[in-house]
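What follows is the content of structure.txt, which has compact mmCIF, C-alpha atoms:
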# COMPACT_ATOMS: atom_id res chain seq x y z
CA MET A 1 58.51 92.88 136.12
CA GLU A 2 60.65 95.62 134.65
CA LYS A 3 63.64 94.40 132.68
CA THR A 4 67.19 95.04 133.87
CA VAL A 5 68.87 97.41 131.42
CA ILE A 6 72.38 96.78 130.11
CA SER A 7 74.38 99.46 128.28
CA ILE A 8 76.76 98.06 125.66
CA GLY A 9 79.42 99.66 123.44
CA ASN A 10 82.27 98.68 121.15
CA ASP A 11 84.65 99.85 118.45
CA HIS A 12 84.59 98.79 114.79
CA ILE A 13 86.93 95.84 115.35
CA VAL A 14 84.39 93.79 117.30
CA THR A 15 80.93 94.91 116.12
CA ASP A 16 80.02 91.32 115.18
CA ILE A 17 80.97 90.08 118.66
CA LYS A 18 78.93 92.89 120.28
CA GLU A 19 75.91 91.85 118.20
CA ARG A 20 76.20 88.26 119.40
CA ILE A 21 76.48 89.35 123.05
CA THR A 22 73.52 91.72 122.60
CA GLU A 23 71.42 88.89 121.15
CA HIS A 24 72.43 86.68 124.06
CA LEU A 25 71.47 89.31 126.63
CA LYS A 26 68.07 89.83 125.00
CA GLU A 27 67.46 86.07 125.02
CA GLU A 28 68.29 86.11 128.74
CA GLY A 29 65.56 88.71 129.26
CA TYR A 30 67.60 91.90 129.55
CA GLU A 31 66.85 95.17 127.82
CA VAL A 32 69.92 96.39 125.93
CA ILE A 33 70.94 99.96 125.05
CA ASP A 34 73.36 99.63 122.16
CA ASN A 35 75.62 102.71 122.10
CA GLY A 36 77.40 101.69 118.90
CA THR A 37 79.42 101.59 116.88
CA TYR A 38 77.01 99.82 114.55
CA ASP A 39 79.21 98.86 111.61
CA LYS A 40 82.82 98.14 110.72
CA LEU A 41 83.79 101.62 109.56
CA ARG A 42 86.95 102.78 111.32
CA THR A 43 86.07 104.84 114.39
CA HIS A 44 87.46 105.53 117.87
CA TYR A 45 86.84 103.54 121.05
CA PRO A 46 86.76 106.49 123.55
CA ILE A 47 83.47 107.70 122.00
CA TYR A 48 81.72 104.42 122.82
CA GLY A 49 83.48 103.77 126.14
CA LYS A 50 82.34 107.17 127.41
CA LYS A 51 78.75 106.83 126.13
CA THR A 52 78.30 103.33 127.50
CA ALA A 53 79.66 104.13 130.98
CA GLU A 54 77.72 107.42 131.26
CA LYS A 55 74.42 105.55 130.76
CA VAL A 56 75.32 103.38 133.76
CA VAL A 57 76.38 106.27 136.00
CA SER A 58 73.23 108.24 135.09
CA GLY A 59 71.07 105.27 136.07
CA GLU A 60 69.60 104.62 132.61
CA ALA A 61 71.29 101.21 132.73
CA LYS A 62 72.25 99.02 135.66
CA PHE A 63 75.47 97.66 134.14
CA GLY A 64 77.74 98.33 131.19
CA VAL A 65 79.59 96.03 128.83
CA VAL A 66 82.39 97.39 126.61
CA LEU A 67 84.45 95.60 123.97
CA CYS A 68 87.28 96.44 121.62
CA GLY A 69 90.09 94.29 120.20
CA THR A 70 91.96 93.76 123.47
CA GLY A 71 89.39 95.59 125.62
CA VAL A 72 92.07 97.98 126.86
CA GLY A 73 91.30 101.16 124.94
CA ILE A 74 87.57 101.14 125.53
CA SER A 75 87.88 100.12 129.20
CA SER A 76 90.47 102.79 129.97
CA SER A 77 88.12 105.38 128.39
CA ALA A 78 85.07 104.06 130.24
CA ASP A 79 86.94 104.11 133.57
CA LYS A 80 87.63 107.84 133.12
CA VAL A 81 83.89 108.52 133.42
CA PRO A 82 83.23 109.72 136.99
CA GLY A 83 81.33 107.06 138.92
CA ALA A 84 82.25 104.26 136.53
CA ARG A 85 84.13 101.34 138.02
CA VAL A 86 85.42 99.29 135.14
CA ALA A 87 86.92 95.81 135.24
CA LEU A 88 88.90 94.54 132.25
CA VAL A 89 88.80 90.75 132.52
CA ARG A 90 89.50 87.57 130.59
CA ASP A 91 87.77 85.08 132.85
CA VAL A 92 84.72 84.70 135.09
CA SER A 93 86.70 84.76 138.37
CA GLU A 94 88.02 88.27 137.77
CA ALA A 95 84.50 89.46 136.93
CA VAL A 96 83.10 87.95 140.14
CA TYR A 97 85.88 89.52 142.21
CA ALA A 98 85.23 92.92 140.61
CA ARG A 99 81.52 92.73 141.49
CA LYS A 100 81.88 91.35 145.03
CA VAL A 101 84.73 93.53 146.23
CA LEU A 102 84.84 96.61 143.98
CA ASN A 103 81.14 96.90 143.10
CA ALA A 104 82.25 97.24 139.47
CA ASN A 105 79.48 98.54 137.21
CA VAL A 106 81.10 98.08 133.78
CA VAL A 107 82.80 94.93 132.52
CA ALA A 108 85.27 95.01 129.62
CA VAL A 109 86.57 92.18 127.48
CA GLY A 110 88.81 91.86 124.45
CA GLY A 111 86.61 90.67 121.60
CA HIS A 112 89.71 89.37 119.81
CA ILE A 113 91.15 87.88 123.00
CA THR A 114 88.27 86.04 124.63
CA GLY A 115 85.95 83.62 122.79
CA VAL A 116 82.32 84.62 122.39
CA ASP A 117 80.95 81.87 124.67
CA LEU A 118 83.32 82.83 127.46
CA ILE A 119 82.42 86.49 126.99
CA ALA A 120 78.74 85.57 127.42
CA ALA A 121 79.57 83.58 130.57
CA ILE A 122 81.59 86.51 131.96
CA VAL A 123 78.80 89.01 131.28
CA ASP A 124 76.10 86.70 132.74
CA LYS A 125 78.05 86.21 135.95
CA PHE A 126 79.03 89.87 136.21
CA ILE A 127 75.44 91.11 136.10
CA THR A 128 74.09 88.48 138.48
CA THR A 129 76.78 88.76 141.19
CA GLU A 130 75.97 91.02 144.13
CA TYR A 131 78.34 93.46 145.76
CA GLU A 132 79.41 92.21 149.21
CA LYS A 133 79.22 95.32 151.31
CA THR A 134 81.83 95.43 154.08
CA PRO A 135 83.68 98.38 155.67
CA GLU A 136 86.88 97.24 153.93
CA HIS A 137 85.26 97.02 150.47
CA ASP A 138 83.50 100.37 150.96
CA ALA A 139 86.82 101.95 151.97
CA TRP A 140 88.58 100.69 148.83
CA ILE A 141 85.80 102.01 146.62
CA SER A 142 85.91 105.42 148.34
CA LYS A 143 89.65 105.47 147.80
CA ILE A 144 89.21 104.80 144.08
CA ASP A 145 86.41 107.40 143.84
CA ALA A 146 88.71 109.97 145.49
CA LEU A 147 91.07 109.73 142.49
CA GLU A 148 88.40 111.31 140.25
CA GLY A 149 88.02 115.02 139.76
CA PRO A 150 84.73 116.74 138.87
CA LYS A 151 84.35 116.85 135.08
CA PRO A 152 81.35 119.04 134.21
CA GLU A 153 82.62 119.70 130.67
CA GLN A 154 83.06 115.99 129.96
CA THR A 155 79.92 114.49 131.45
CA GLY A 156 77.06 114.00 129.01
CA ASN A 157 78.83 116.09 126.36
CA ASP A 158 78.34 114.43 122.97
CA HIS A 159 80.71 116.94 121.36
CA PHE A 160 83.59 116.33 123.78
CA PHE A 161 85.71 114.61 121.12
CA ASP A 162 84.67 116.75 118.12
CA GLU A 163 88.05 118.50 117.81
CA PHE A 164 89.78 115.16 117.33
CA GLU A 165 87.18 113.78 114.92
CA LYS A 166 87.63 116.93 112.82
CA LYS A 167 91.41 116.51 112.75
CA TRP A 168 90.91 112.82 111.88
CA GLU A 169 88.67 113.72 108.95
CA GLU A 170 91.21 116.29 107.78
CA GLY A 171 93.85 113.55 107.61
CA TYR A 172 95.94 114.82 110.53
CA TYR A 173 96.28 111.30 111.95
CA HIS A 174 97.75 108.73 109.58
CA ASP A 175 99.96 105.64 109.66
CA MET B 1 114.75 101.39 129.79
CA LYS B 2 113.50 102.21 133.26
CA VAL B 3 110.75 99.93 134.56
CA VAL B 4 108.74 101.26 137.50
CA ILE B 5 107.41 98.34 139.51
CA GLY B 6 105.09 98.05 142.48
CA ALA B 7 103.41 95.18 144.29
CA ASP B 8 101.20 94.74 147.30
CA LYS B 9 101.64 91.77 149.64
CA ASP B 10 99.87 89.39 147.24
CA GLY B 11 102.23 90.33 144.43
CA ALA B 12 105.47 90.61 146.42
CA GLN B 13 106.97 87.22 145.56
CA ALA B 14 106.09 87.45 141.86
CA LYS B 15 107.48 90.98 141.79
CA ASP B 16 110.83 89.86 143.25
CA ASP B 17 111.01 87.01 140.71
CA LEU B 18 110.21 89.37 137.85
CA ILE B 19 112.83 91.89 138.97
CA LYS B 20 115.51 89.16 138.90
CA VAL B 21 114.66 88.32 135.29
CA LEU B 22 114.42 91.95 134.17
CA ASN B 23 117.70 92.83 135.88
CA SER B 24 119.44 90.03 133.99
CA GLU B 25 118.00 91.43 130.75
CA GLY B 26 119.50 94.86 131.43
CA TYR B 27 116.41 96.83 132.46
CA GLU B 28 116.79 99.55 135.08
CA ILE B 29 114.32 98.77 137.87
CA LEU B 30 112.66 101.21 140.22
CA ASP B 31 110.75 99.23 142.85
CA LEU B 32 108.24 101.44 144.67
CA SER B 33 106.73 98.68 146.84
CA LYS B 34 106.41 99.53 150.51
CA GLU B 35 105.07 97.67 153.54
CA GLY B 36 101.39 98.18 154.23
CA GLN B 37 100.40 99.48 150.78
CA ASP B 38 97.10 98.35 149.32
CA PHE B 39 96.44 98.00 145.59
CA VAL B 40 95.28 101.61 145.23
CA ASP B 41 98.48 102.95 146.85
CA VAL B 42 100.63 100.79 144.59
CA ALA B 43 98.73 101.65 141.41
CA VAL B 44 98.86 105.39 142.13
CA ALA B 45 102.55 105.33 143.09
CA VAL B 46 103.57 103.47 139.92
CA ALA B 47 101.31 105.60 137.71
CA LYS B 48 102.58 108.92 139.07
CA GLU B 49 106.25 107.94 138.85
CA THR B 50 105.85 106.60 135.30
CA LEU B 51 104.00 109.78 134.26
CA LYS B 52 106.89 111.82 135.69
CA GLU B 53 109.45 109.75 133.77
CA THR B 54 107.59 110.08 130.46
CA ASP B 55 106.42 113.72 130.39
CA ASN B 56 102.85 112.68 131.31
CA GLY B 57 102.98 109.68 129.00
CA LYS B 58 103.91 111.72 125.92
CA ASP B 59 107.26 109.95 125.56
CA LYS B 60 106.31 106.59 124.04
CA SER B 61 109.72 105.89 122.50
CA GLU B 62 111.32 102.46 122.75
CA GLU B 63 113.45 103.70 125.66
CA ALA B 64 110.58 105.40 127.51
CA ALA B 65 109.83 104.22 131.06
CA ARG B 66 106.91 101.84 131.65
CA GLY B 67 105.04 100.74 134.77
CA ILE B 68 104.11 97.31 136.07
CA VAL B 69 101.84 96.62 139.06
CA ILE B 70 101.45 93.15 140.53
CA ASP B 71 98.69 92.34 143.00
CA LYS B 72 96.24 89.49 143.44
CA TRP B 73 93.75 90.29 140.66
CA GLY B 74 95.08 93.10 138.49
CA THR B 75 91.51 94.35 137.97
CA ASP B 76 91.56 96.52 141.08
CA ALA B 77 94.86 98.31 140.38
CA PHE B 78 93.65 98.74 136.78
CA MET B 79 90.44 100.43 137.99
CA ALA B 80 92.38 102.82 140.22
CA ALA B 81 95.19 103.68 137.78
CA ASN B 82 92.90 104.55 134.87
CA LYS B 83 91.12 107.16 137.01
CA LEU B 84 94.24 109.34 136.74
CA LYS B 85 94.64 111.77 133.87
CA TYR B 86 97.05 110.64 131.11
CA VAL B 87 97.14 107.11 132.48
CA ILE B 88 96.34 104.33 130.03
CA CYS B 89 96.63 101.13 131.98
CA ALA B 90 95.93 97.56 130.82
CA ASN B 91 95.08 94.56 132.96
CA VAL B 92 96.60 91.66 131.04
CA SER B 93 96.77 87.91 131.41
CA ASP B 94 98.09 86.92 127.99
CA GLU B 95 101.13 87.91 125.95
CA HIS B 96 99.18 89.09 122.91
CA SER B 97 97.21 91.69 124.91
CA ALA B 98 100.44 92.72 126.66
CA ARG B 99 102.14 93.38 123.32
CA MET B 100 99.16 94.95 121.53
CA THR B 101 98.35 97.35 124.35
CA ARG B 102 101.77 98.94 123.95
CA ARG B 103 101.59 98.91 120.16
CA HIS B 104 98.05 100.33 119.82
CA ASN B 105 97.20 102.04 123.13
CA GLY B 106 100.73 103.12 124.03
CA ALA B 107 99.87 101.82 127.50
CA LEU B 108 101.81 103.62 130.21
CA MET B 109 101.54 100.64 132.53
CA ILE B 110 100.10 97.16 132.96
CA THR B 111 98.66 95.29 135.91
CA LEU B 112 99.10 91.56 136.51
CA GLY B 113 97.24 89.41 139.04
CA THR B 114 98.92 86.50 140.78
CA ALA B 115 95.52 84.83 141.27
CA VAL B 116 95.03 84.97 137.49
CA VAL B 117 98.36 84.15 135.86
CA GLY B 118 101.00 81.62 136.89
CA PRO B 119 104.62 82.62 137.58
CA GLU B 120 105.96 81.88 134.07
CA LEU B 121 103.06 83.55 132.26
CA LEU B 122 103.40 86.62 134.45
CA ILE B 123 107.03 87.08 133.41
CA SER B 124 106.22 86.34 129.79
CA CYS B 125 103.44 88.98 129.76
CA ALA B 126 105.78 91.56 131.30
CA GLN B 127 108.45 90.82 128.68
CA ALA B 128 105.95 91.04 125.81
CA TYR B 129 104.80 94.44 127.07
CA LEU B 130 108.30 95.84 127.58
CA GLU B 131 109.60 94.62 124.21
CA ALA B 132 106.73 96.02 122.14
CA PRO B 133 107.09 99.29 120.21
CA PHE B 134 104.33 101.92 120.00
CA ASP B 135 102.77 102.07 116.51
CA ALA B 136 101.55 105.72 116.73
CA GLY B 137 99.89 106.80 113.43
CA ARG B 138 96.09 106.41 113.45
CA HIS B 139 96.19 105.17 117.04
CA MET B 140 97.16 108.67 118.25
CA VAL B 141 93.66 110.06 117.67
CA ARG B 142 92.22 107.65 120.24
CA ILE B 143 95.01 108.38 122.71
CA ASP B 144 94.43 112.13 122.33
CA MET B 145 90.74 111.51 123.09
CA VAL B 146 91.49 109.41 126.18
CA ASN B 147 93.97 112.02 127.38
CA LYS B 148 91.32 114.74 127.22
CA MET B 149 89.24 112.69 129.69
CA ALA B 150 89.70 112.37 133.45
Structure encoded using structure tokens:
Amino acid sequence: MEKTVISIGNDHIVTDIKERITEHLKEEGYEVIDNGTYDKLRTHYPIYGKKTAEKVVSGEAKFGVVLCGTGVGISSSADKVPGARVALVRDVSEAVYARKVLNANVVAVGGHITGVDLIAAIVDKFITTEYEKTPEHDAWISKIDALEGPKPEQTGNDHFFDEFEKKWEEGYYHD
Amino acid sequence: MKVVIGADKDGAQAKDDLIKVLNSEGYEILDLSKEGQDFVDVAVAVAKETLKETDNGKDKSEEAARGIVIDKWGTDAFMAANKLKYVICANVSDEHSARMTRRHNGALMITLGTAVVGPELLISCAQAYLEAPFDAGRHMVRIDMVNKMA
């Protein structure tokens, strides 16, 4: 049987947590696409939120998992990918709700907020809970979808953020 | 500071309780809740009004307006709000996330779910969010990236 594919991404704050969740998913029999980041060098969560969610929307992966410190930055970025429906959660119940009612396809957690065992439990339940198709649920999802505009320049564009990375390297952004 | 608030029927009671506390603390409240709104309506109404108050989220000063949505789960309003350009919205259920999302993400608004947090924690999360400053600096590069999306 073909393995279910999970797309995962994170920022530099929680790379170690991502690695533990990736290991867990592989042990559970999933195939994992790791979109990075791969080390602890300072980088920027929108790059990985976008990549991870786009793999789900394109069909390369069935579900996405994104992590940063609080989960907010990377989940907000991932949700701005057309077709992504992202749930930022801190417990299993929210993840189940997001699957059953909103047909969420990406789950986000704060790697510095939620413990690694609970994150694993959230991810496990998220990817094994089925969407409960009803006219009401379908209508809510259509209503959320209608908030998105077409984004041809954004979708699949690996250079979308280059202008900001250049400014970052030039020292434009500093504390 | 102006606080733009909205709730659907599941968040109505918690929203009224929160408004009482915030009024006593001197916040200016704009309650956009209306009969018959679902979580998408509420999220969009609060997001659009808060964007208007903050020059599309660019004003992240201590006095800048912020948005709060209360429904049953928070996840659903979060999913809807973040679809809108310039909206950085956090679904929170602890005070640390509530504070850090303003400090690091400059979050325009938060969502809170009454099925997730109890009445005291809900108020405490809202206070932590409203009292936090925005740290700017290196965090601006990520916000500029997010703002190019959607």
Go through A:Gly29, A:Pro135, A:Gly115, A:Gly110 and flag the residue nearest chain B, using all atoms listed in the file for the distances.
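Of all the options, A:Gly110 lies closest to chain B.
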Taking all atoms listed in the file into account, name the residue in B:Leu30, B:Asp71, B:Leu51, B:Val44 that is nearest to chain A.
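Under the stated criterion, the closest residue is B:Val44.
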Nearest to chain A among B:Tyr27, B:Phe78, B:Phe134, B:Tyr129, with distances taken over all atoms listed in the file: which residue is it?
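Of the candidates, the smallest distance to chain A is held by B:Phe78.
For the residues B:Asp76, B:Asn82, B:Lys2, B:Asp31, ranking by smallest atom-to-atom distance to A:Lys100 using all atoms listed in the file places B:Asp76 first.
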Given a cut-off of 9 Å, which residues of chain B touch chain A, counting all atoms listed in the file, written out as a PyMOL selection string?
chain B and resi 38-40+44+73-76+78-85+87-94+96-97+100-101+104-105+107+115-116+135-150
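Atom to atom, atom CA of A:Ile17 and atom CA of A:Val65 stand 11.9 Å apart.
Among A:Glu170, A:Asp124, A:Glu132, A:Glu60, the residue with the shortest atom-to-atom distance to A:Ile33, counting only C-alpha atoms, is A:Glu60.
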Atom CA of A:Glu169 to atom CA of B:Thr54, distance in Å rounded to a single decimal:
28.9 Å
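Here the question is which of B:Asp8, B:Gln13, B:Asp55, B:Ser61 gets nearest to B:Ala77 using only C-alpha atoms, and that residue is B:Asp8.
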Atom CA of A:Val109 to atom CA of A:His159, straight-line distance in Å:
26.2 Å
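The list of residues within 7 Å of (88.4, 98.3, 117.1), counted using only C-alpha atoms, is Asp11, His12, Ile13, Val14, Tyr45, Cys68 and Gly69 of chain A.
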If we count only C-alpha atoms and set the cut-off at 9 Å, which residues sit around A:Ser7, ignoring sequence neighbours fewer than 3 positions away in its own chain? Please answer as a PyMOL selection string.
chain A and resi 31-35+51-53+55-56+60-66+106
May I have the protein, DNA and RNA residues with any atom at most 7 Å from the point (81.9, 87.8, 133.9), counting only C-alpha atoms, written as an MDAnalysis selection string?
chainID A and resid 91:92 95:96 121:126
My structure is short of atoms at stretch 38-64 of chain B; please model N, CA and C atoms there, returning them as a PDB file, in the coordinates of the input.
ATOM      1  N   ASP B  38      98.126  99.155 149.984  1.00  0.00           N
ATOM      2  CA  ASP B  38      97.100  98.350 149.320  1.00  0.00           C
ATOM      3  C   ASP B  38      97.206  98.575 147.810  1.00  0.00           C
ATOM      4  N   PHE B  39      96.318  97.938 147.045  1.00  0.00           N
ATOM      5  CA  PHE B  39      96.440  98.000 145.590  1.00  0.00           C
ATOM      6  C   PHE B  39      96.272  99.405 145.028  1.00  0.00           C
ATOM      7  N   VAL B  40      95.468 100.231 145.708  1.00  0.00           N
ATOM      8  CA  VAL B  40      95.280 101.610 145.230  1.00  0.00           C
ATOM      9  C   VAL B  40      96.585 102.393 145.410  1.00  0.00           C
ATOM     10  N   ASP B  41      97.198 102.254 146.589  1.00  0.00           N
ATOM     11  CA  ASP B  41      98.480 102.950 146.850  1.00  0.00           C
ATOM     12  C   ASP B  41      99.514 102.571 145.805  1.00  0.00           C
ATOM     13  N   VAL B  42      99.613 101.280 145.523  1.00  0.00           N
ATOM     14  CA  VAL B  42     100.630 100.790 144.590  1.00  0.00           C
ATOM     15  C   VAL B  42     100.347 101.316 143.187  1.00  0.00           C
ATOM     16  N   ALA B  43      99.090 101.217 142.768  1.00  0.00           N
ATOM     17  CA  ALA B  43      98.730 101.650 141.410  1.00  0.00           C
ATOM     18  C   ALA B  43      99.022 103.139 141.233  1.00  0.00           C
ATOM     19  N   VAL B  44      98.663 103.943 142.227  1.00  0.00           N
ATOM     20  CA  VAL B  44      98.860 105.390 142.130  1.00  0.00           C
ATOM     21  C   VAL B  44     100.356 105.732 142.144  1.00  0.00           C
ATOM     22  N   ALA B  45     101.106 105.060 143.002  1.00  0.00           N
ATOM     23  CA  ALA B  45     102.550 105.330 143.090  1.00  0.00           C
ATOM     24  C   ALA B  45     103.240 105.012 141.763  1.00  0.00           C
ATOM     25  N   VAL B  46     102.938 103.866 141.185  1.00  0.00           N
ATOM     26  CA  VAL B  46     103.570 103.470 139.920  1.00  0.00           C
ATOM     27  C   VAL B  46     103.121 104.405 138.794  1.00  0.00           C
ATOM     28  N   ALA B  47     101.825 104.729 138.766  1.00  0.00           N
ATOM     29  CA  ALA B  47     101.310 105.600 137.710  1.00  0.00           C
ATOM     30  C   ALA B  47     101.974 106.971 137.774  1.00  0.00           C
ATOM     31  N   LYS B  48     102.035 107.558 138.953  1.00  0.00           N
ATOM     32  CA  LYS B  48     102.580 108.920 139.070  1.00  0.00           C
ATOM     33  C   LYS B  48     104.066 108.964 138.712  1.00  0.00           C
ATOM     34  N   GLU B  49     104.811 107.969 139.158  1.00  0.00           N
ATOM     35  CA  GLU B  49     106.250 107.940 138.850  1.00  0.00           C
ATOM     36  C   GLU B  49     106.480 107.740 137.346  1.00  0.00           C
ATOM     37  N   THR B  50     105.681 106.866 136.733  1.00  0.00           N
ATOM     38  CA  THR B  50     105.850 106.600 135.300  1.00  0.00           C
ATOM     39  C   THR B  50     105.435 107.822 134.474  1.00  0.00           C
ATOM     40  N   LEU B  51     104.400 108.526 134.929  1.00  0.00           N
ATOM     41  CA  LEU B  51     104.000 109.780 134.260  1.00  0.00           C
ATOM     42  C   LEU B  51     105.154 110.792 134.323  1.00  0.00           C
ATOM     43  N   LYS B  52     105.791 110.872 135.495  1.00  0.00           N
ATOM     44  CA  LYS B  52     106.890 111.820 135.690  1.00  0.00           C
ATOM     45  C   LYS B  52     108.065 111.492 134.750  1.00  0.00           C
ATOM     46  N   GLU B  53     108.321 110.206 134.600  1.00  0.00           N
ATOM     47  CA  GLU B  53     109.450 109.750 133.770  1.00  0.00           C
ATOM     48  C   GLU B  53     109.209 109.950 132.277  1.00  0.00           C
ATOM     49  N   THR B  54     107.922 110.089 131.894  1.00  0.00           N
ATOM     50  CA  THR B  54     107.590 110.080 130.460  1.00  0.00           C
ATOM     51  C   THR B  54     106.914 111.367 129.992  1.00  0.00           C
ATOM     52  N   ASP B  55     107.080 112.468 130.748  1.00  0.00           N
ATOM     53  CA  ASP B  55     106.420 113.720 130.390  1.00  0.00           C
ATOM     54  C   ASP B  55     104.912 113.484 130.232  1.00  0.00           C
ATOM     55  N   ASN B  56     104.288 113.002 131.295  1.00  0.00           N
ATOM     56  CA  ASN B  56     102.850 112.680 131.310  1.00  0.00           C
ATOM     57  C   ASN B  56     102.449 111.698 130.211  1.00  0.00           C
ATOM     58  N   GLY B  57     103.313 110.736 129.964  1.00  0.00           N
ATOM     59  CA  GLY B  57     102.980 109.680 129.000  1.00  0.00           C
ATOM     60  C   GLY B  57     103.246 110.050 127.561  1.00  0.00           C
ATOM     61  N   LYS B  58     103.698 111.294 127.321  1.00  0.00           N
ATOM     62  CA  LYS B  58     103.910 111.720 125.920  1.00  0.00           C
ATOM     63  C   LYS B  58     105.095 110.992 125.287  1.00  0.00           C
ATOM     64  N   ASP B  59     106.109 110.688 126.101  1.00  0.00           N
ATOM     65  CA  ASP B  59     107.260 109.950 125.560  1.00  0.00           C
ATOM     66  C   ASP B  59     106.884 108.465 125.480  1.00  0.00           C
ATOM     67  N   LYS B  60     106.645 108.000 124.268  1.00  0.00           N
ATOM     68  CA  LYS B  60     106.310 106.590 124.040  1.00  0.00           C
ATOM     69  C   LYS B  60     107.381 105.917 123.197  1.00  0.00           C
ATOM     70  N   SER B  61     108.603 106.448 123.271  1.00  0.00           N
ATOM     71  CA  SER B  61     109.720 105.890 122.500  1.00  0.00           C
ATOM     72  C   SER B  61     110.078 104.504 123.041  1.00  0.00           C
ATOM     73  N   GLU B  62     110.928 103.813 122.313  1.00  0.00           N
ATOM     74  CA  GLU B  62     111.320 102.460 122.750  1.00  0.00           C
ATOM     75  C   GLU B  62     112.028 102.492 124.094  1.00  0.00           C
ATOM     76  N   GLU B  63     112.695 103.607 124.406  1.00  0.00           N
ATOM     77  CA  GLU B  63     113.450 103.700 125.660  1.00  0.00           C
ATOM     78  C   GLU B  63     112.620 104.311 126.798  1.00  0.00           C
ATOM     79  N   ALA B  64     111.392 104.725 126.500  1.00  0.00           N
ATOM     80  CA  ALA B  64     110.580 105.400 127.510  1.00  0.00           C
ATOM     81  C   ALA B  64     110.224 104.457 128.666  1.00  0.00           C
TER      82      ALA B  64
END
